[in-house]
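Colleague: As input, take structure_2.tsv (TSV, N, CA and C atoms):
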```tsv
chain	number	residue	atom	x	y	z
A	187	MET	N	-172.78	5.41	215.59
A	187	MET	CA	-172.07	6.55	215.08
A	187	MET	C	-173.03	7.38	214.24
A	188	MET	N	-173.08	8.66	214.50
A	188	MET	CA	-173.96	9.54	213.76
A	188	MET	C	-173.20	10.19	212.62
A	189	ARG	N	-173.83	10.25	211.46
A	189	ARG	CA	-173.23	10.93	210.31
A	189	ARG	C	-173.95	12.22	210.07
A	190	LYS	N	-173.21	13.18	209.63
A	190	LYS	CA	-173.78	14.48	209.31
A	190	LYS	C	-174.51	14.39	207.98
A	191	ALA	N	-175.73	14.88	207.93
A	191	ALA	CA	-176.51	14.86	206.70
A	191	ALA	C	-175.94	15.87	205.71
A	192	LEU	N	-176.01	15.53	204.43
A	192	LEU	CA	-175.57	16.46	203.39
A	192	LEU	C	-176.56	17.60	203.28
A	193	GLY	N	-176.04	18.81	203.16
A	193	GLY	CA	-176.90	19.96	202.92
A	193	GLY	C	-177.41	19.92	201.49
A	194	LEU	N	-178.45	20.70	201.20
A	194	LEU	CA	-179.04	20.71	199.86
A	194	LEU	C	-178.03	21.07	198.78
A	195	PRO	N	-177.18	22.10	198.95
A	195	PRO	CA	-176.20	22.41	197.89
A	195	PRO	C	-175.22	21.25	197.64
A	196	ALA	N	-174.78	20.60	198.70
A	196	ALA	CA	-173.85	19.48	198.55
A	196	ALA	C	-174.54	18.31	197.86
A	197	LEU	N	-175.78	18.04	198.23
A	197	LEU	CA	-176.52	16.96	197.60
A	197	LEU	C	-176.74	17.22	196.12
A	198	PHE	N	-177.07	18.46	195.76
A	198	PHE	CA	-177.26	18.84	194.36
A	198	PHE	C	-175.95	18.64	193.58
A	199	GLY	N	-174.85	19.07	194.15
A	199	GLY	CA	-173.54	18.90	193.50
A	199	GLY	C	-173.19	17.44	193.31
A	200	LEU	N	-173.49	16.63	194.29
A	200	LEU	CA	-173.23	15.20	194.19
A	200	LEU	C	-174.07	14.57	193.08
A	201	MET	N	-175.34	14.95	192.99
A	201	MET	CA	-176.21	14.41	191.95
A	201	MET	C	-175.69	14.76	190.56
A	202	ILE	N	-175.24	15.98	190.37
A	202	ILE	CA	-174.71	16.40	189.08
A	202	ILE	C	-173.44	15.63	188.75
A	203	SER	N	-172.57	15.48	189.74
A	203	SER	CA	-171.31	14.78	189.48
A	203	SER	C	-171.52	13.30	189.19
A	204	LEU	N	-172.64	12.75	189.61
A	204	LEU	CA	-172.90	11.33	189.37
A	204	LEU	C	-173.59	11.06	188.04
A	205	GLY	N	-173.68	12.07	187.17
A	205	GLY	CA	-174.17	11.78	185.84
A	205	GLY	C	-175.33	12.60	185.36
A	206	GLY	N	-175.88	13.46	186.15
A	206	GLY	CA	-177.00	14.26	185.69
A	206	GLY	C	-176.63	15.12	184.49
A	207	CYS	N	-175.42	15.60	184.43
A	207	CYS	CA	-174.95	16.46	183.34
A	207	CYS	C	-173.59	15.98	182.85
A	208	SER	N	-173.45	14.70	182.69
A	208	SER	CA	-172.14	14.15	182.33
A	208	SER	C	-171.76	14.51	180.90
A	209	GLU	N	-170.47	14.50	180.66
A	209	GLU	CA	-169.93	14.76	179.33
A	209	GLU	C	-170.23	13.58	178.42
A	210	PRO	N	-170.40	13.83	177.13
A	210	PRO	CA	-170.63	12.70	176.22
A	210	PRO	C	-169.37	11.84	176.12
A	211	PRO	N	-169.53	10.58	175.71
A	211	PRO	CA	-168.38	9.67	175.60
A	211	PRO	C	-167.58	9.86	174.32
A	212	TYR	N	-167.62	11.05	173.77
A	212	TYR	CA	-166.87	11.42	172.58
A	212	TYR	C	-166.51	12.88	172.75
A	213	SER	N	-165.69	13.42	171.85
A	213	SER	CA	-165.26	14.82	171.96
A	213	SER	C	-165.87	15.67	170.86
A	214	ASN	N	-166.44	16.80	171.24
A	214	ASN	CA	-166.89	17.80	170.27
A	214	ASN	C	-165.72	18.71	169.99
A	215	ILE	N	-165.45	18.98	168.71
A	215	ILE	CA	-164.31	19.81	168.36
A	215	ILE	C	-164.75	20.96	167.45
A	216	ASP	N	-163.93	22.01	167.45
A	216	ASP	CA	-164.18	23.14	166.56
A	216	ASP	C	-163.25	23.03	165.36
A	217	ASN	N	-163.29	24.02	164.50
A	217	ASN	CA	-162.49	23.96	163.27
A	217	ASN	C	-160.99	24.00	163.52
A	218	ALA	N	-160.54	24.73	164.52
A	218	ALA	CA	-159.11	24.76	164.83
A	218	ALA	C	-158.65	23.37	165.26
A	219	GLN	N	-159.44	22.71	166.07
A	219	GLN	CA	-159.09	21.36	166.51
A	219	GLN	C	-159.17	20.37	165.34
A	220	LEU	N	-160.14	20.57	164.46
A	220	LEU	CA	-160.25	19.74	163.26
A	220	LEU	C	-158.98	19.84	162.43
A	221	LYS	N	-158.52	21.06	162.20
A	221	LYS	CA	-157.29	21.26	161.41
A	221	LYS	C	-156.10	20.57	162.07
A	222	ALA	N	-155.99	20.67	163.39
A	222	ALA	CA	-154.88	20.05	164.10
A	222	ALA	C	-154.93	18.53	163.97
A	223	LEU	N	-156.11	17.94	164.12
A	223	LEU	CA	-156.24	16.49	163.99
A	223	LEU	C	-155.96	16.03	162.56
A	224	LEU	N	-156.43	16.79	161.58
A	224	LEU	CA	-156.15	16.44	160.18
A	224	LEU	C	-154.65	16.48	159.91
A	225	ALA	N	-153.97	17.47	160.48
A	225	ALA	CA	-152.52	17.59	160.30
A	225	ALA	C	-151.78	16.39	160.89
A	226	GLN	N	-152.39	15.75	161.89
A	226	GLN	CA	-151.81	14.55	162.51
A	226	GLN	C	-152.17	13.28	161.75
A	227	GLY	N	-152.97	13.41	160.68
A	227	GLY	CA	-153.34	12.25	159.88
A	227	GLY	C	-154.59	11.53	160.35
A	228	THR	N	-155.36	12.13	161.25
A	228	THR	CA	-156.59	11.50	161.73
A	228	THR	C	-157.61	11.48	160.59
A	229	PRO	N	-158.21	10.32	160.30
A	229	PRO	CA	-159.18	10.26	159.22
A	229	PRO	C	-160.47	11.03	159.55
A	230	LEU	N	-161.02	11.66	158.52
A	230	LEU	CA	-162.26	12.43	158.63
A	230	LEU	C	-163.31	11.75	157.77
A	231	TYR	N	-164.44	11.41	158.38
A	231	TYR	CA	-165.56	10.80	157.66
A	231	TYR	C	-166.68	11.82	157.54
A	232	ASP	N	-167.03	12.13	156.29
A	232	ASP	CA	-168.16	13.00	155.99
A	232	ASP	C	-169.34	12.05	155.78
A	233	VAL	N	-170.32	12.09	156.70
A	233	VAL	CA	-171.39	11.10	156.70
A	233	VAL	C	-172.67	11.59	156.03
A	234	ARG	N	-172.56	12.70	155.30
A	234	ARG	CA	-173.74	13.23	154.60
A	234	ARG	C	-174.07	12.38	153.37
A	235	ARG	N	-175.06	12.81	152.64
A	235	ARG	CA	-175.50	12.10	151.43
A	235	ARG	C	-174.79	12.68	150.20
A	236	PRO	N	-174.70	11.90	149.12
A	236	PRO	CA	-174.00	12.35	147.91
A	236	PRO	C	-174.48	13.70	147.38
A	237	GLU	N	-175.78	13.96	147.42
A	237	GLU	CA	-176.25	15.26	146.92
A	237	GLU	C	-175.76	16.41	147.81
A	238	GLU	N	-175.55	16.15	149.09
A	238	GLU	CA	-175.01	17.18	149.98
A	238	GLU	C	-173.53	17.44	149.68
A	239	TRP	N	-172.80	16.38	149.40
A	239	TRP	CA	-171.38	16.54	149.04
A	239	TRP	C	-171.25	17.38	147.78
A	240	ARG	N	-172.10	17.08	146.80
A	240	ARG	CA	-172.06	17.84	145.54
A	240	ARG	C	-172.45	19.30	145.76
A	241	GLN	N	-173.41	19.54	146.62
A	241	GLN	CA	-173.91	20.89	146.85
A	241	GLN	C	-172.86	21.80	147.50
A	242	THR	N	-172.16	21.31	148.50
A	242	THR	CA	-171.24	22.17	149.26
A	242	THR	C	-169.77	21.88	149.01
A	243	GLY	N	-169.47	20.70	148.51
A	243	GLY	CA	-168.09	20.24	148.50
A	243	GLY	C	-167.78	19.58	149.83
A	244	VAL	N	-166.57	19.07	149.95
A	244	VAL	CA	-166.16	18.36	151.17
A	244	VAL	C	-164.79	18.87	151.61
A	245	VAL	N	-164.46	18.61	152.86
A	245	VAL	CA	-163.13	18.94	153.36
A	245	VAL	C	-162.14	18.03	152.63
A	246	GLU	N	-161.08	18.60	152.12
A	246	GLU	CA	-160.10	17.82	151.37
A	246	GLU	C	-159.59	16.64	152.19
A	247	GLY	N	-159.55	15.48	151.55
A	247	GLY	CA	-159.06	14.27	152.18
A	247	GLY	C	-160.12	13.49	152.95
A	248	SER	N	-161.32	14.04	153.06
A	248	SER	CA	-162.35	13.33	153.83
A	248	SER	C	-162.85	12.11	153.06
A	249	ARG	N	-163.27	11.14	153.81
A	249	ARG	CA	-163.86	9.93	153.24
A	249	ARG	C	-165.38	10.12	153.28
A	250	GLN	N	-166.03	9.86	152.19
A	250	GLN	CA	-167.48	10.03	152.14
A	250	GLN	C	-168.16	8.68	152.35
A	251	LEU	N	-168.98	8.62	153.38
A	251	LEU	CA	-169.70	7.39	153.73
A	251	LEU	C	-171.02	7.79	154.37
A	252	THR	N	-172.12	7.61	153.64
A	252	THR	CA	-173.43	8.06	154.09
A	252	THR	C	-173.92	7.26	155.29
A	253	PHE	N	-174.33	7.99	156.33
A	253	PHE	CA	-174.83	7.38	157.56
A	253	PHE	C	-176.33	7.11	157.48
A	254	VAL	N	-177.13	8.09	157.07
A	254	VAL	CA	-178.59	7.92	156.95
A	254	VAL	C	-179.07	8.52	155.64
A	255	ASP	N	-180.18	7.99	155.12
A	255	ASP	CA	-180.74	8.53	153.88
A	255	ASP	C	-181.59	9.77	154.18
A	256	ALA	N	-182.18	10.35	153.16
A	256	ALA	CA	-182.95	11.59	153.31
A	256	ALA	C	-184.14	11.42	154.24
A	257	SER	N	-184.62	10.20	154.41
A	257	SER	CA	-185.74	9.93	155.31
A	257	SER	C	-185.28	9.61	156.73
A	258	GLY	N	-183.97	9.61	156.95
A	258	GLY	CA	-183.44	9.32	158.28
A	258	GLY	C	-183.21	7.84	158.55
A	259	ARG	N	-183.38	7.01	157.52
A	259	ARG	CA	-183.14	5.57	157.70
A	259	ARG	C	-181.64	5.29	157.62
A	260	PRO	N	-181.13	4.47	158.55
A	260	PRO	CA	-179.70	4.13	158.52
A	260	PRO	C	-179.30	3.42	157.24
A	261	ASN	N	-178.13	3.77	156.74
A	261	ASN	CA	-177.55	3.11	155.59
A	261	ASN	C	-177.02	1.75	156.08
A	262	PRO	N	-177.55	0.62	155.57
A	262	PRO	CA	-177.12	-0.69	156.06
A	262	PRO	C	-175.65	-0.99	155.78
A	263	GLU	N	-175.04	-0.27	154.85
A	263	GLU	CA	-173.63	-0.50	154.54
A	263	GLU	C	-172.69	0.30	155.43
A	264	PHE	N	-173.25	1.27	156.17
A	264	PHE	CA	-172.38	2.18	156.92
A	264	PHE	C	-171.53	1.44	157.96
A	265	LEU	N	-172.17	0.81	158.92
A	265	LEU	CA	-171.42	0.23	160.04
A	265	LEU	C	-170.45	-0.86	159.62
A	266	PRO	N	-170.83	-1.79	158.73
A	266	PRO	CA	-169.84	-2.79	158.31
A	266	PRO	C	-168.62	-2.17	157.63
A	267	ARG	N	-168.85	-1.19	156.77
A	267	ARG	CA	-167.72	-0.56	156.08
A	267	ARG	C	-166.88	0.26	157.05
A	268	PHE	N	-167.54	1.05	157.91
A	268	PHE	CA	-166.83	1.87	158.88
A	268	PHE	C	-165.99	0.97	159.80
A	269	SER	N	-166.59	-0.09	160.30
A	269	SER	CA	-165.89	-1.01	161.21
A	269	SER	C	-164.69	-1.67	160.54
A	270	ALA	N	-164.80	-1.94	159.24
A	270	ALA	CA	-163.69	-2.54	158.52
A	270	ALA	C	-162.54	-1.55	158.32
A	271	GLU	N	-162.86	-0.26	158.29
A	271	GLU	CA	-161.85	0.77	158.02
A	271	GLU	C	-161.25	1.40	159.27
A	272	VAL	N	-161.99	1.41	160.38
A	272	VAL	CA	-161.56	2.15	161.57
A	272	VAL	C	-161.47	1.21	162.77
A	273	ASP	N	-160.28	1.13	163.36
A	273	ASP	CA	-160.06	0.36	164.58
A	273	ASP	C	-160.75	1.07	165.75
A	274	LYS	N	-161.28	0.31	166.68
A	274	LYS	CA	-162.03	0.89	167.80
A	274	LYS	C	-161.18	1.79	168.70
A	275	ASN	N	-159.87	1.63	168.68
A	275	ASN	CA	-159.00	2.46	169.52
A	275	ASN	C	-158.27	3.54	168.73
A	276	ALA	N	-158.56	3.65	167.45
A	276	ALA	CA	-157.91	4.66	166.61
A	276	ALA	C	-158.75	5.94	166.61
A	277	PRO	N	-158.12	7.10	166.49
A	277	PRO	CA	-158.89	8.33	166.42
A	277	PRO	C	-159.62	8.45	165.09
A	278	VAL	N	-160.82	9.02	165.13
A	278	VAL	CA	-161.61	9.24	163.93
A	278	VAL	C	-162.45	10.50	164.13
A	279	ILE	N	-162.58	11.27	163.04
A	279	ILE	CA	-163.37	12.51	163.08
A	279	ILE	C	-164.62	12.30	162.23
A	280	LEU	N	-165.75	12.82	162.71
A	280	LEU	CA	-167.02	12.75	161.99
A	280	LEU	C	-167.51	14.15	161.68
A	281	ILE	N	-168.01	14.35	160.45
A	281	ILE	CA	-168.57	15.65	160.06
A	281	ILE	C	-169.84	15.43	159.25
A	282	CYS	N	-170.82	16.30	159.46
A	282	CYS	CA	-172.04	16.31	158.65
A	282	CYS	C	-172.37	17.77	158.35
A	283	ARG	N	-173.61	18.09	158.10
A	283	ARG	CA	-173.96	19.48	157.75
A	283	ARG	C	-173.86	20.40	158.96
A	284	THR	N	-174.52	20.03	160.07
A	284	THR	CA	-174.55	20.92	161.24
A	284	THR	C	-174.07	20.28	162.53
A	285	GLY	N	-173.74	19.01	162.50
A	285	GLY	CA	-173.28	18.32	163.70
A	285	GLY	C	-174.33	17.45	164.37
A	286	SER	N	-175.56	17.47	163.89
A	286	SER	CA	-176.62	16.66	164.51
A	286	SER	C	-176.46	15.17	164.22
A	287	ARG	N	-176.31	14.82	162.96
A	287	ARG	CA	-176.15	13.40	162.62
A	287	ARG	C	-174.90	12.83	163.26
A	288	THR	N	-173.82	13.60	163.22
A	288	THR	CA	-172.57	13.08	163.77
A	288	THR	C	-172.61	13.00	165.29
A	289	ARG	N	-173.38	13.86	165.93
A	289	ARG	CA	-173.53	13.77	167.39
A	289	ARG	C	-174.19	12.43	167.74
A	290	ALA	N	-175.26	12.07	167.01
A	290	ALA	CA	-175.94	10.79	167.24
A	290	ALA	C	-175.02	9.62	166.90
A	291	LEU	N	-174.31	9.74	165.79
A	291	LEU	CA	-173.41	8.66	165.38
A	291	LEU	C	-172.26	8.51	166.36
A	292	ALA	N	-171.68	9.62	166.81
A	292	ALA	CA	-170.58	9.55	167.78
A	292	ALA	C	-171.02	8.84	169.05
A	293	GLN	N	-172.22	9.13	169.51
A	293	GLN	CA	-172.77	8.48	170.70
A	293	GLN	C	-172.89	6.96	170.45
A	294	GLU	N	-173.44	6.60	169.29
A	294	GLU	CA	-173.60	5.18	168.96
A	294	GLU	C	-172.25	4.47	168.87
A	295	LEU	N	-171.28	5.11	168.22
A	295	LEU	CA	-169.96	4.49	168.09
A	295	LEU	C	-169.30	4.31	169.45
A	296	ALA	N	-169.43	5.30	170.32
A	296	ALA	CA	-168.87	5.20	171.67
A	296	ALA	C	-169.51	4.03	172.41
A	297	GLU	N	-170.82	3.86	172.25
A	297	GLU	CA	-171.52	2.75	172.90
A	297	GLU	C	-171.07	1.41	172.33
A	298	ARG	N	-170.56	1.40	171.10
A	298	ARG	CA	-170.06	0.18	170.47
A	298	ARG	C	-168.58	-0.05	170.75
A	299	GLY	N	-167.98	0.79	171.58
A	299	GLY	CA	-166.60	0.57	172.00
A	299	GLY	C	-165.54	1.42	171.34
A	300	TYR	N	-165.93	2.36	170.46
A	300	TYR	CA	-164.95	3.26	169.87
A	300	TYR	C	-164.53	4.28	170.92
A	301	THR	N	-163.24	4.45	171.09
A	301	THR	CA	-162.74	5.22	172.23
A	301	THR	C	-162.24	6.62	171.89
A	302	ARG	N	-162.02	6.93	170.61
A	302	ARG	CA	-161.44	8.23	170.25
A	302	ARG	C	-162.21	8.86	169.09
A	303	VAL	N	-163.48	9.14	169.34
A	303	VAL	CA	-164.37	9.70	168.33
A	303	VAL	C	-164.46	11.21	168.53
A	304	TYR	N	-164.29	11.95	167.43
A	304	TYR	CA	-164.37	13.42	167.45
A	304	TYR	C	-165.51	13.87	166.54
A	305	ASN	N	-166.42	14.65	167.09
A	305	ASN	CA	-167.55	15.20	166.36
A	305	ASN	C	-167.27	16.67	166.05
A	306	VAL	N	-167.33	17.04	164.76
A	306	VAL	CA	-167.12	18.44	164.39
A	306	VAL	C	-168.38	19.24	164.71
A	307	ARG	N	-168.28	20.03	165.75
A	307	ARG	CA	-169.39	20.87	166.19
A	307	ARG	C	-169.76	21.84	165.06
A	308	ASN	N	-171.01	21.93	164.73
A	308	ASN	CA	-171.55	22.82	163.69
A	308	ASN	C	-171.18	22.41	162.27
A	309	GLY	N	-170.54	21.27	162.09
A	309	GLY	CA	-170.35	20.64	160.80
A	309	GLY	C	-169.71	21.47	159.70
A	310	ILE	N	-170.00	21.03	158.47
A	310	ILE	CA	-169.44	21.68	157.28
A	310	ILE	C	-169.96	23.10	157.14
A	311	THR	N	-171.14	23.36	157.68
A	311	THR	CA	-171.72	24.71	157.61
A	311	THR	C	-170.78	25.73	158.25
A	312	ARG	N	-170.28	25.44	159.43
A	312	ARG	CA	-169.35	26.36	160.10
A	312	ARG	C	-168.01	26.36	159.40
A	313	TRP	N	-167.56	25.19	158.92
A	313	TRP	CA	-166.29	25.10	158.20
A	313	TRP	C	-166.29	26.08	157.02
A	314	ILE	N	-167.36	26.03	156.22
A	314	ILE	CA	-167.48	26.92	155.07
A	314	ILE	C	-167.69	28.36	155.52
A	315	GLY	N	-168.49	28.55	156.56
A	315	GLY	CA	-168.76	29.89	157.09
A	315	GLY	C	-167.52	30.61	157.57
A	316	GLU	N	-166.51	29.86	157.96
A	316	GLU	CA	-165.24	30.44	158.41
A	316	GLU	C	-164.22	30.47	157.27
A	317	ASP	N	-164.71	30.38	156.05
A	317	ASP	CA	-163.89	30.48	154.83
A	317	ASP	C	-162.80	29.43	154.73
A	318	ASN	N	-163.06	28.23	155.22
A	318	ASN	CA	-162.13	27.13	155.04
A	318	ASN	C	-162.39	26.48	153.68
A	319	PRO	N	-161.36	25.89	153.07
A	319	PRO	CA	-161.52	25.37	151.71
A	319	PRO	C	-162.28	24.05	151.66
A	320	VAL	N	-162.94	23.83	150.55
A	320	VAL	CA	-163.58	22.56	150.25
A	320	VAL	C	-163.18	22.15	148.85
A	321	VAL	N	-163.31	20.87	148.56
A	321	VAL	CA	-163.07	20.37	147.21
A	321	VAL	C	-164.37	19.76	146.72
A	322	ARG	N	-164.53	19.78	145.42
A	322	ARG	CA	-165.74	19.21	144.82
A	322	ARG	C	-165.36	17.96	144.05
A	323	ASN	N	-166.20	16.97	144.18
A	323	ASN	CA	-165.95	15.69	143.49
A	323	ASN	C	-166.44	15.75	142.06
```
What do you get writing this file as structure tokens?
Modeller:
Amino acid sequence: MMRKALGLPALFGLMISLGGCSEPPYSNIDNAQLKALLAQGTPLYDVRRPEEWRQTGVVEGSRQLTFVDASGRPNPEFLPRFSAEVDKNAPVILICRTGSRTRALAQELAERGYTRVYNVRNGITRWIGEDNPVVRN
């Protein structure tokens, strides 16, 4: 039995659909989505450092838990504390300054079995830039 060969456009489409440009295993959200999730009671973790929290303030109700230090070294207390507070199947939101740290963290958490991780795209910078309120500790 002879099979018809895939044309170049079909082959390219198949390659992309098989993972070349796959979606991350977490969700990137904007500020409108952040507000909706907060209204539903979804916990928000601000993973920046204490000096960053003091400098800009934080989204009201957020939990502050530093992910990495100023040199980029992981905080050894982060994962044990986070794991004790957040069930792997429960929704959780992550926010940092611009979304870079939380993008990496969201990827890591998804690889560790967390199924409902939300990364705030553009972080607290966009939150403040859109005139959303912050509280200072």
Colleague: Would you mind reading off the distance between atom CA of Ala296 of chain A and atom CA of Arg267 of chain A, one decimal, in Å?
Modeller: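 Atom-to-atom, atom CA of Ala296 of chain A and atom CA of Arg267 of chain A are spaced 16.7 Å apart.
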Colleague: Residues within 6 Å of Leu251 of chain A, please, as a ChimeraX atom specification. Count only N, CA and C atoms; anything in the same chain fewer than 6 positions from it doesn't count.
Modeller: /A:231-234
Colleague: Here is a test: counting all atoms listed in the file, which residue of A:Pro210, A:Pro266, A:Gly299, A:Gly309 is nearest to Ser286 of chain A?
Modeller: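 Among A:Pro210, A:Pro266, A:Gly299, A:Gly309, it is A:Gly309 that comes nearest to Ser286 of chain A.
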Colleague: For segment 297-304 of chain A, what centre and edge lengths in Å (one decimal) does the axis-aligned box get once 3 Å is added on each side of all its listed atoms, as AutoDock Vina command-line options?
Modeller:
```
--center_x -166.5 --center_y 6.9 --center_z 169.7 --size_x 16.1 --size_y 19.9 --size_z 12.4
```
Colleague: With distances taken over only C-alpha atoms, which of A:Arg322, A:Arg235, A:Arg249, A:Lys274 is nearest to Arg298 of chain A?
Modeller: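 Closest to Arg298 of chain A of all the choices is A:Lys274.
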Colleague: List the neighbours of Val321 of chain A out to 7 Å using all atoms listed in the file; skip same-chain residues closer than 6 positions along the sequence, and give me the result as a ChimeraX atom specification.
Modeller: /A:242-246
Colleague: Between atom CA of Asn308 of chain A and atom CA of Ile281 of chain A, measure the distance and give it in Å to one decimal.
Modeller: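 Separating atom CA of Asn308 of chain A from atom CA of Ile281 of chain A is a distance of 8.6 Å.
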Colleague: In Å, how far is it from atom N of Gln293 of chain A to atom C of Ala225 of chain A?
Modeller: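 Calculated distance between atom N of Gln293 of chain A and atom C of Ala225 of chain A is 23.3 Å.
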Colleague: If we count only C-alpha atoms and set the cut-off at 12 Å, which residues sit around Tyr300 of chain A, ignoring sequence neighbours fewer than 6 positions away in its own chain? Please answer as a list in words.
Modeller: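 Within the cut-off, the hits are Pro211, Tyr212, Ser213, Phe268, Ser269, Val272, Asp273, Lys274, Asn275, Ala276, Pro277, Val278, Ile279, Leu291, Ala292, Gln293 and Glu294 of chain A.
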Colleague: Step one, run DSSP on the backbone; step two, keep only residues of segment 187-322 of chain A assigned to strand (DSSP E or B); then write them as a list in words.
Modeller: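 Taking segment 187-322 of chain A and keeping strand (DSSP E or B) gives Ser213, Asn214, Ile215, Leu230, Tyr231, Asp232, Val244, Arg249, Gln250, Val254, Pro260, Val278, Ile279, Leu280, Ile281, Val303, Tyr304, Asn305, Val306 and Val321 of chain A.
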Colleague: Where does DSSP see helix (DSSP H, G or I) in segment 191-306 of chain A, if you list the residues as a PyMOL selection string?
Modeller: chain A and resi 194-206+217-225+236-242+264-271+286-297
Colleague: Would you mind listing what lies within 6.5 Å of Thr284 of chain A as an NGL selection string, with all atoms listed in the file counted and same-chain residues fewer than 2 positions away left out?
Modeller: :A and (282 or 286-287 or 306-312)
Colleague: Generate a file of the selected residues that holds N, CA and C atoms, formatted as a compact mmCIF listing (two decimals), in the coordinates of the input.
Modeller:
```
# COMPACT_ATOMS: atom_id res chain seq x y z
N CYS A 282 -170.82 16.30 159.46
CA CYS A 282 -172.04 16.31 158.65
C CYS A 282 -172.37 17.77 158.35
N SER A 286 -175.56 17.47 163.89
CA SER A 286 -176.62 16.66 164.51
C SER A 286 -176.46 15.17 164.22
N ARG A 287 -176.31 14.82 162.96
CA ARG A 287 -176.15 13.40 162.62
C ARG A 287 -174.90 12.83 163.26
N VAL A 306 -167.33 17.04 164.76
CA VAL A 306 -167.12 18.44 164.39
C VAL A 306 -168.38 19.24 164.71
N ARG A 307 -168.28 20.03 165.75
CA ARG A 307 -169.39 20.87 166.19
C ARG A 307 -169.76 21.84 165.06
N ASN A 308 -171.01 21.93 164.73
CA ASN A 308 -171.55 22.82 163.69
C ASN A 308 -171.18 22.41 162.27
N GLY A 309 -170.54 21.27 162.09
CA GLY A 309 -170.35 20.64 160.80
C GLY A 309 -169.71 21.47 159.70
N ILE A 310 -170.00 21.03 158.47
CA ILE A 310 -169.44 21.68 157.28
C ILE A 310 -169.96 23.10 157.14
N THR A 311 -171.14 23.36 157.68
CA THR A 311 -171.72 24.71 157.61
C THR A 311 -170.78 25.73 158.25
N ARG A 312 -170.28 25.44 159.43
CA ARG A 312 -169.35 26.36 160.10
C ARG A 312 -168.01 26.36 159.40
```
Colleague: Of the candidates A:Asp255, A:Pro319, A:Lys221, A:Leu280, which shows the shortest atom-to-atom distance to Glu237 of chain A, using only C-alpha atoms?
Modeller: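 Between A:Asp255, A:Pro319, A:Lys221, A:Leu280, the residue approaching Glu237 of chain A most closely is A:Asp255.
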